[in-house]
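Just run_12.txt here, compact mmCIF, C-alpha atoms:
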# COMPACT_ATOMS: atom_id res chain seq x y z
CA MET S 1 82.53 -31.92 -66.73
CA ARG S 2 82.19 -28.48 -65.22
CA GLU S 3 79.85 -27.29 -67.97
CA SER S 4 77.48 -30.25 -67.54
CA LEU S 5 77.43 -29.81 -63.76
CA GLN S 6 76.64 -26.10 -63.86
CA VAL S 7 72.97 -26.88 -64.37
CA LEU S 8 72.93 -28.04 -60.74
CA ASP S 9 73.97 -24.56 -59.61
CA GLU S 10 70.63 -23.26 -60.86
CA ILE S 11 68.49 -25.89 -59.14
CA THR S 12 66.97 -25.45 -55.69
CA LEU S 13 65.51 -28.53 -53.99
CA ASN S 14 62.88 -27.29 -51.56
CA PHE S 15 61.32 -28.83 -48.48
CA ASN S 16 58.27 -27.47 -46.73
CA GLU S 17 58.42 -26.76 -42.99
CA ALA S 18 56.85 -30.12 -42.11
CA GLY S 19 59.41 -31.98 -44.20
CA LEU S 20 62.30 -30.09 -42.60
CA PHE S 21 60.90 -30.83 -39.14
CA VAL S 22 60.77 -34.57 -39.92
CA LEU S 23 64.35 -34.49 -41.23
CA ASN S 24 65.54 -32.77 -38.07
CA ILE S 25 63.71 -35.20 -35.78
CA THR S 26 65.07 -38.15 -37.77
CA LEU S 27 68.69 -37.03 -37.42
CA ALA S 28 68.20 -36.25 -33.72
CA PHE S 29 66.87 -39.79 -33.18
CA ILE S 30 69.81 -41.29 -35.05
CA MET S 31 72.28 -39.33 -32.92
CA PHE S 32 70.39 -40.35 -29.75
CA GLY S 33 70.87 -43.99 -30.82
CA VAL S 34 74.59 -43.42 -31.40
CA ALA S 35 74.91 -41.82 -27.95
CA LEU S 36 73.41 -44.88 -26.22
CA GLY S 37 76.65 -46.72 -26.99
CA LEU S 38 78.87 -43.96 -25.62
CA LYS S 39 80.27 -44.16 -22.10
CA LEU S 40 82.47 -41.80 -20.15
CA ASP S 41 84.98 -44.67 -19.96
CA ASN S 42 85.43 -44.38 -23.73
CA PHE S 43 86.74 -40.87 -23.27
CA LYS S 44 88.90 -41.80 -20.28
CA LYS S 45 90.66 -44.49 -22.29
CA VAL S 46 91.62 -41.87 -24.84
CA VAL S 47 93.90 -40.34 -22.22
CA LEU S 48 95.58 -43.70 -21.62
CA LYS S 49 95.94 -44.58 -25.33
CA PRO S 50 95.71 -41.29 -27.22
CA LYS S 51 97.73 -42.13 -30.35
CA PRO S 52 95.07 -43.88 -32.50
CA VAL S 53 92.38 -41.38 -31.45
CA VAL S 54 94.56 -38.37 -32.25
CA ILE S 55 95.42 -39.88 -35.64
CA GLY S 56 91.75 -40.64 -36.30
CA ILE S 57 90.59 -37.12 -35.44
CA PHE S 58 93.45 -35.60 -37.47
CA SER S 59 92.55 -37.79 -40.45
CA GLN S 60 88.86 -36.93 -40.25
CA PHE S 61 88.79 -33.24 -39.39
CA LEU S 62 92.05 -31.89 -40.80
CA LEU S 63 93.40 -34.15 -43.55
CA MET S 64 90.07 -35.18 -45.09
CA PRO S 65 88.88 -31.57 -45.73
CA ALA S 66 92.33 -30.61 -47.05
CA MET S 67 92.43 -33.58 -49.43
CA THR S 68 88.88 -32.77 -50.54
CA PHE S 69 89.93 -29.22 -51.34
CA LEU S 70 92.77 -30.56 -53.52
CA LEU S 71 90.35 -32.94 -55.24
CA VAL S 72 88.00 -30.03 -55.95
CA LEU S 73 90.85 -28.08 -57.53
CA ILE S 74 91.81 -31.09 -59.67
CA ILE S 75 88.39 -32.08 -61.02
CA ASN S 76 87.10 -28.49 -61.09
CA PRO S 77 83.35 -29.18 -60.69
CA SER S 78 80.66 -26.51 -60.65
CA ALA S 79 80.44 -24.28 -57.58
CA SER S 80 77.48 -25.96 -55.85
CA VAL S 81 79.01 -29.44 -56.32
CA ALA S 82 82.34 -28.20 -54.90
CA MET S 83 80.50 -26.72 -51.91
CA GLY S 84 78.70 -30.03 -51.35
CA MET S 85 81.98 -31.95 -51.39
CA ILE S 86 83.55 -29.52 -48.91
CA LEU S 87 80.52 -29.67 -46.58
CA VAL S 88 80.44 -33.49 -46.57
CA ALA S 89 84.18 -33.55 -45.79
CA ALA S 90 83.57 -31.15 -42.89
CA CYS S 91 80.95 -33.42 -41.29
CA PRO S 92 81.82 -35.94 -38.56
CA GLY S 93 81.78 -39.69 -39.06
CA GLY S 94 78.56 -41.43 -40.07
CA ASN S 95 76.20 -43.16 -37.68
CA ILE S 96 76.90 -46.67 -39.08
CA SER S 97 80.69 -46.59 -38.70
CA ASN S 98 80.58 -48.58 -35.43
CA PHE S 99 78.50 -51.34 -37.05
CA ILE S 100 80.77 -51.51 -40.12
CA THR S 101 83.87 -51.56 -37.88
CA SER S 102 82.49 -54.60 -36.06
CA LEU S 103 81.87 -56.32 -39.41
CA ALA S 104 85.47 -55.57 -40.42
CA LYS S 105 86.90 -57.02 -37.16
CA GLY S 106 88.20 -53.56 -36.33
CA ASN S 107 88.62 -51.92 -32.94
CA VAL S 108 84.99 -51.21 -32.01
CA GLU S 109 85.99 -49.50 -28.77
CA LEU S 110 88.21 -47.09 -30.73
CA SER S 111 85.40 -46.58 -33.24
CA VAL S 112 82.93 -45.68 -30.49
CA SER S 113 85.46 -43.31 -28.90
CA LEU S 114 86.14 -41.62 -32.24
CA THR S 115 82.39 -41.33 -32.89
CA GLY S 116 81.79 -39.59 -29.56
CA ILE S 117 84.74 -37.24 -29.85
CA ALA S 118 84.05 -36.46 -33.51
CA ASP S 119 80.36 -35.73 -32.91
CA MET S 120 81.10 -33.39 -30.02
CA SER S 121 84.02 -31.76 -31.86
CA ALA S 122 81.82 -31.28 -34.92
CA ILE S 123 79.84 -28.61 -33.10
CA ILE S 124 82.88 -26.39 -33.65
CA MET S 125 84.92 -28.17 -36.32
CA THR S 126 82.21 -28.61 -38.97
CA PRO S 127 81.31 -24.89 -39.19
CA PHE S 128 84.99 -23.93 -38.94
CA ASN S 129 86.15 -26.38 -41.62
CA PHE S 130 83.40 -25.45 -44.02
CA ALA S 131 83.92 -21.72 -43.53
CA PHE S 132 87.68 -22.05 -44.00
CA TRP S 133 87.78 -24.32 -47.06
CA ALA S 134 84.69 -22.87 -48.75
CA GLY S 135 86.10 -19.39 -48.21
CA LEU S 136 89.42 -20.47 -49.70
CA TYR S 137 87.61 -22.06 -52.65
CA SER S 138 85.68 -18.86 -53.34
CA LEU S 139 89.00 -17.02 -53.58
CA THR S 140 90.50 -19.53 -56.03
CA SER S 141 87.48 -20.00 -58.32
CA ASP S 142 85.16 -18.04 -60.52
CA MET S 143 82.16 -18.98 -58.39
CA VAL S 144 79.10 -17.25 -59.76
CA ILE S 145 76.58 -18.32 -57.12
CA PRO S 146 76.58 -16.51 -53.78
CA ILE S 147 77.38 -18.65 -50.74
CA HIS S 148 76.51 -16.99 -47.47
CA ILE S 149 78.14 -18.80 -44.55
CA ASP S 150 76.06 -18.02 -41.47
CA LEU S 151 78.27 -19.44 -38.73
CA TYR S 152 75.74 -18.64 -35.99
CA GLU S 153 73.02 -20.61 -37.80
CA MET S 154 75.41 -23.53 -38.35
CA PHE S 155 76.48 -23.56 -34.69
CA LYS S 156 72.84 -23.41 -33.57
CA THR S 157 71.89 -26.32 -35.83
CA MET S 158 74.87 -28.39 -34.63
CA ILE S 159 73.94 -27.85 -30.98
CA ILE S 160 70.30 -28.82 -31.54
CA LEU S 161 70.98 -31.84 -33.74
CA LEU S 162 74.23 -33.14 -32.22
CA ALA S 163 74.91 -31.82 -28.73
CA LEU S 164 71.40 -32.20 -27.30
CA PRO S 165 70.55 -35.74 -28.51
CA ILE S 166 74.04 -37.01 -27.67
CA THR S 167 73.82 -35.55 -24.15
CA VAL S 168 70.32 -36.96 -23.60
CA GLY S 169 71.39 -40.35 -24.97
CA MET S 170 74.42 -40.59 -22.68
CA ILE S 171 72.37 -39.53 -19.65
CA PHE S 172 69.67 -42.08 -20.53
CA SER S 173 72.29 -44.81 -20.94
CA HIS S 174 73.86 -43.94 -17.57
CA TYR S 175 70.65 -43.92 -15.53
CA PHE S 176 68.77 -46.69 -17.35
CA PRO S 177 71.43 -49.28 -18.26
CA LYS S 178 69.01 -52.24 -18.39
CA ILE S 179 66.61 -50.51 -20.74
CA THR S 180 69.54 -49.28 -22.83
CA LYS S 181 70.91 -52.81 -23.16
CA ALA S 182 67.54 -54.01 -24.41
CA ILE S 183 66.93 -51.25 -26.94
CA ILE S 184 70.40 -50.32 -28.22
CA LYS S 185 70.65 -53.02 -30.90
CA PRO S 186 67.11 -52.52 -32.29
CA ILE S 187 67.66 -48.76 -32.34
CA LYS S 188 70.93 -49.14 -34.28
CA ILE S 189 69.19 -51.34 -36.86
CA MET S 190 66.31 -48.88 -37.02
CA SER S 191 68.79 -46.04 -37.45
CA ILE S 192 70.21 -47.60 -40.62
CA ILE S 193 66.71 -48.14 -42.04
CA ILE S 194 65.58 -44.65 -41.00
CA PHE S 195 68.74 -43.13 -42.46
CA LEU S 196 68.02 -44.64 -45.85
CA GLY S 197 64.42 -43.46 -45.57
CA TYR S 198 65.78 -40.06 -44.63
CA ILE S 199 67.74 -39.92 -47.89
CA VAL S 200 64.73 -41.07 -49.91
CA GLY S 201 62.57 -38.49 -48.16
CA ALA S 202 65.07 -35.75 -48.88
CA LEU S 203 64.74 -36.41 -52.62
CA SER S 204 61.22 -37.78 -53.01
CA LEU S 205 59.66 -34.38 -53.54
CA ASN S 206 62.27 -33.68 -56.22
CA ILE S 207 62.38 -37.10 -57.87
CA ASP S 208 62.36 -35.70 -61.41
CA TYR S 209 65.49 -33.65 -60.72
CA PHE S 210 67.12 -36.66 -59.03
CA LEU S 211 66.52 -39.06 -61.92
CA GLU S 212 67.59 -36.49 -64.50
CA TYR S 213 70.83 -35.35 -62.89
CA ILE S 214 72.07 -38.06 -60.49
CA HIS S 215 74.36 -39.55 -63.16
CA LEU S 216 76.36 -36.32 -63.14
CA ILE S 217 77.67 -36.81 -59.58
CA VAL S 218 77.87 -40.62 -59.18
CA LEU S 219 81.51 -40.81 -60.29
CA ILE S 220 82.48 -37.74 -58.25
CA VAL S 221 81.08 -39.25 -55.05
CA LEU S 222 82.77 -42.59 -55.78
CA ILE S 223 86.16 -40.87 -56.21
CA HIS S 224 85.59 -38.65 -53.17
CA ASN S 225 84.65 -41.59 -50.95
CA ALA S 226 87.62 -43.63 -52.22
CA LEU S 227 89.86 -40.68 -51.36
CA ALA S 228 88.40 -40.56 -47.83
CA LEU S 229 88.97 -44.28 -47.25
CA THR S 230 92.49 -44.09 -48.70
CA THR S 231 93.30 -41.08 -46.51
CA GLY S 232 92.28 -42.91 -43.33
CA PHE S 233 94.15 -46.07 -44.28
CA SER S 234 97.29 -44.17 -45.29
CA MET S 235 97.40 -42.19 -42.05
CA ALA S 236 97.03 -45.32 -39.93
CA LYS S 237 99.66 -47.16 -41.97
CA LEU S 238 102.05 -44.19 -41.85
CA PHE S 239 101.95 -44.18 -38.06
CA LYS S 240 102.23 -47.98 -37.88
CA LEU S 241 98.99 -48.61 -36.02
CA SER S 242 97.73 -52.13 -35.43
CA ASP S 243 95.70 -53.87 -38.10
CA ARG S 244 92.50 -53.46 -36.07
CA ASP S 245 93.10 -49.74 -35.57
CA LYS S 246 94.02 -49.36 -39.24
CA ARG S 247 90.69 -50.81 -40.30
CA THR S 248 88.84 -48.64 -37.81
CA ILE S 249 90.39 -45.32 -38.85
CA THR S 250 89.87 -46.18 -42.52
CA ILE S 251 86.17 -46.68 -41.87
CA GLU S 252 85.80 -43.66 -39.59
CA THR S 253 87.37 -41.40 -42.21
CA GLY S 254 85.40 -42.88 -45.10
CA ILE S 255 81.95 -42.90 -43.47
CA GLN S 256 80.64 -39.33 -43.20
CA ASN S 257 77.48 -38.02 -41.56
CA SER S 258 76.05 -36.76 -44.83
CA GLY S 259 72.62 -36.72 -43.20
CA LEU S 260 73.81 -33.82 -41.09
CA GLY S 261 75.06 -32.23 -44.29
CA LEU S 262 71.57 -32.56 -45.82
CA VAL S 263 69.94 -30.90 -42.82
CA LEU S 264 72.34 -27.98 -43.15
CA ILE S 265 71.80 -27.83 -46.92
CA PHE S 266 68.00 -27.75 -46.64
CA ASN S 267 68.11 -25.12 -43.89
CA PRO S 268 66.49 -22.04 -45.53
CA ASN S 269 68.78 -19.79 -43.50
CA LEU S 270 71.92 -21.48 -44.85
CA PHE S 271 71.91 -23.05 -48.32
CA ASN S 272 68.18 -23.41 -48.98
CA GLY S 273 68.43 -26.74 -50.83
CA LEU S 274 71.12 -25.73 -53.34
CA GLY S 275 71.00 -28.43 -56.02
CA GLY S 276 74.63 -29.53 -56.38
CA MET S 277 75.17 -29.61 -52.62
CA ALA S 278 72.01 -31.64 -52.03
CA PHE S 279 72.82 -34.18 -54.76
CA ILE S 280 76.35 -34.73 -53.41
CA ALA S 281 75.24 -35.15 -49.77
CA ALA S 282 72.29 -37.40 -50.68
CA TRP S 283 74.28 -39.76 -52.90
CA TRP S 284 77.10 -39.83 -50.34
CA GLY S 285 74.51 -41.08 -47.85
CA VAL S 286 73.69 -44.01 -50.12
CA TRP S 287 77.14 -44.77 -51.51
CA HIS S 288 79.11 -44.75 -48.25
CA ILE S 289 76.77 -47.44 -46.91
CA ILE S 290 77.44 -49.59 -49.98
CA SER S 291 81.22 -49.05 -49.94
CA GLY S 292 81.38 -49.36 -46.15
CA LEU S 293 79.50 -52.65 -46.05
CA ALA S 294 81.63 -53.99 -48.91
CA ILE S 295 84.82 -53.16 -47.00
CA GLY S 296 83.34 -54.47 -43.76
CA PHE S 297 82.43 -57.86 -45.27
CA PHE S 298 85.76 -58.08 -47.14
CA TRP S 299 87.88 -57.35 -44.07
CA GLY S 300 85.61 -59.56 -42.00
CA THR S 301 86.87 -62.54 -44.01
CA LYS S 302 90.52 -61.60 -43.51
CA PRO S 303 92.61 -62.46 -40.43
CA ILE S 304 93.93 -59.70 -38.21
CA LYS S 305 97.67 -59.12 -38.47
CA SER S 306 99.50 -58.36 -35.25
CA LEU S 307 102.18 -55.68 -35.04
CA LEU S 308 104.72 -58.50 -35.14
CA GLY S 309 103.35 -59.69 -38.45
CA ASN S 310 101.63 -62.80 -37.09
CA SER S 311 98.05 -63.47 -38.16
CA THR S 312 95.25 -64.06 -35.69
CA VAL S 313 91.59 -64.65 -36.39
CA SER S 314 89.74 -62.61 -33.79

Go through the file and emit its structure as structure tokens.
Amino acid sequence: MRESLQVLDEITLNFNEAGLFVLNITLAFIMFGVALGLKLDNFKKVVLKPKPVVIGIFSQFLLMPAMTFLLVLIINPSASVAMGMILVAACPGGNISNFITSLAKGNVELSVSLTGIADMSAIIMTPFNFAFWAGLYSLTSDMVIPIHIDLYEMFKTMIILLALPITVGMIFSHYFPKITKAIIKPIKIMSIIIFLGYIVGALSLNIDYFLEYIHLIVLIVLIHNALALTTGFSMAKLFKLSDRDKRTITIETGIQNSGLGLVLIFNPNLFNGLGGMAFIAAWWGVWHIISGLAIGFFWGTKPIKSLLGNSTVS
């Protein structure tokens, strides 16, 4: 497998400045839409019921990157593919996790709280996690491509694309509640459509590369995503959370903001469109929607089990 994937280490998928600007604006809009559903009360409730949130954040930002690192060591892909897997694992939850949680009859309030905390924490945790695990990988592998981790550039990008639109979205929601109520659902639907367009746009200028090499990473992304979902479910089950919370943490851990990963990958001051990284992040963006919706519809047909073992349909 490693030998066939090494061709991706030599490929650079380039965007012009206009394309990068559109990608950045797209992600900022998506995060603005996510922030419209966030309220300060969501964060206050974390103090009152911290257990599921702490488990969710631990699963997403600590256990998921660690499990990804172990998976990388086991399957031993090429360097750029390994870097892509580590970067995706370091990203916060995806923008559609709240919608999928509602489909799955999960705890939407917990999902929204985790989304807000994860997105704000990602400003620090995403650069830190990537630097730590990618640095550890470079010490344990024979990586032949140079990976320069510019933490300042990553922090700057995270602030512009996460902190600013989330802050503006929460302020807008607070001061214009009626308008927010009217636009929040259409914006969430638009965000899903725009996100898919975002992925298509990220690869459209390199369609020949995509069609030629996508088959090399399809199975890797499937296994990686299954690992993420299993990690979230196992953590919630281990700590005996409710069925609703279990579903929520599974989804939050398995749905990653790979769009953010793509923006970082196409940043010329960071990874400059490194082929294996771009392929992993782009296909993650497609696959986690498919797997997430499948789980959401499946769980949506199943009754919720109470902590006492009784079933309720709610």

Do a neighbour search on Asp245 in chain S at 9 Å with all atoms listed in the file, toss out local chain neighbours closer than 2 positions, and write the hits as JSON, numbers by chain.
{"S": [52, 106, 107, 108, 110, 111, 236, 241, 242, 243, 247, 248, 249, 250]}

How many Å lie between CA of Lys44 in chain S and CA of Ala118 in chain S, rounded to one decimal?
15.1 Å

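Interatomic distance, CA of Ala282 in chain S against CA of Arg244 in chain S: 29.7 Å.
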
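CA of Ile123 in chain S to CA of Ala278 in chain S spans 20.7 Å [interatomic distance, one decimal].
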
Point out the residue among S:Phe195, S:Phe279, S:Phe233, S:Phe298 with the least atom-to-atom distance to Phe29 in chain S, counting all atoms listed in the file.
S:Phe195

Determine, counting only C-alpha atoms, which protein, DNA and RNA residues have an atom within 10 Å of an atom of Gly259 in chain S; residues of the same chain fewer than 5 positions away are not included. Present the result as a VMD selection string.
chain S and resid 23 to 24 26 to 27 30 88 91 94 to 95 195 to 196 198 to 199 202 264 to 265 281 to 282 284 to 285

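The shortest atom-to-atom distance to Ser113 in chain S, with all atoms listed in the file taken into account, belongs to S:Ser97 out of S:Ser97, S:Trp283, S:Phe130, S:Lys156.
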
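Of the listed residues (S:Leu40, S:Leu139, S:Ala79, S:Leu151), S:Leu40 comes nearest to Val112 in chain S; the distances count only C-alpha atoms.
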
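If you measure from each of S:Ala294, S:Ala89, S:Leu103, S:Leu260 to Met31 in chain S using only C-alpha atoms, the closest one turns out to be S:Leu260.
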
Identify the residues around (77.7, -38.9, -56.5) within a radius of 9 Å, measuring from all atoms listed in the file in the coordinates stated by the file, and give them as a list in words.
Ile214, His215, Leu216, Ile217, Val218, Leu219, Ile220, Val221, Leu222, Ile223, His224, Phe279, Ile280, Ala281, Ala282, Trp283, Trp284 and Trp287 of chain S

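The smallest atom-to-atom distance between Pro303 in chain S and any of S:Lys105, S:Phe176, S:Ala90, S:Phe271, using all atoms listed in the file, is found for S:Lys105.
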
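Of the listed residues (S:Ala104, S:Ile166, S:Leu36, S:Leu136), S:Ala104 comes nearest to Ile295 in chain S; the distances count only C-alpha atoms.
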
Considering all atoms listed in the file, return as number ranges by chain whatever protein or nucleic-acid residues lie within 12 Å of Ala134 in chain S, sequence-local ones (same chain, fewer than 5 positions apart) excluded.
S: 65-66, 68-69, 72-73, 79-90, 126-129, 139-141, 143, 146-149

Find the spatial neighbours of Thr253 in chain S, counting all atoms listed in the file, within a cut-off of 8 Å - ignore same-chain residues fewer than 4 positions away - and output them as number ranges by chain.
S: 56, 59-60, 64, 93, 228-229, 231-232, 249

Non-local contacts of Leu38 in chain S (10 Å; only C-alpha atoms; under 4 positions in same chain excluded) as number ranges by chain:
S: 33-34, 42-43, 109, 112-113, 115-117, 166-167, 169-171, 173-174

Name the residues within 12 Å of (100.7, -38.9, -34.3), counting only C-alpha atoms in the file's coordinates, and put them as an mmCIF file with C-alpha atoms, keeping the file's coordinate frame.
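File written: result_18.cif
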data_model
loop_
_atom_site.group_PDB
_atom_site.id
_atom_site.type_symbol
_atom_site.label_atom_id
_atom_site.label_comp_id
_atom_site.auth_asym_id
_atom_site.auth_seq_id
_atom_site.Cartn_x
_atom_site.Cartn_y
_atom_site.Cartn_z
ATOM 1 C CA LYS S 49 95.940 -44.580 -25.330
ATOM 2 C CA PRO S 50 95.710 -41.290 -27.220
ATOM 3 C CA LYS S 51 97.730 -42.130 -30.350
ATOM 4 C CA PRO S 52 95.070 -43.880 -32.500
ATOM 5 C CA VAL S 53 92.380 -41.380 -31.450
ATOM 6 C CA VAL S 54 94.560 -38.370 -32.250
ATOM 7 C CA ILE S 55 95.420 -39.880 -35.640
ATOM 8 C CA GLY S 56 91.750 -40.640 -36.300
ATOM 9 C CA ILE S 57 90.590 -37.120 -35.440
ATOM 10 C CA PHE S 58 93.450 -35.600 -37.470
ATOM 11 C CA SER S 59 92.550 -37.790 -40.450
ATOM 12 C CA MET S 235 97.400 -42.190 -42.050
ATOM 13 C CA ALA S 236 97.030 -45.320 -39.930
ATOM 14 C CA LYS S 237 99.660 -47.160 -41.970
ATOM 15 C CA LEU S 238 102.050 -44.190 -41.850
ATOM 16 C CA PHE S 239 101.950 -44.180 -38.060
ATOM 17 C CA LYS S 240 102.230 -47.980 -37.880
ATOM 18 C CA LEU S 241 98.990 -48.610 -36.020
#

Give me the box for range 159-170 of chain S as lines of an AutoDock Vina configuration file, namely the centre and edge lengths in Å to one decimal of a box along x, y and z that holds every listed atom plus 6 Å on each side.
center_x = 72.6
center_y = -34.2
center_z = -28.2
size_x = 16.6
size_y = 24.7
size_z = 23.1
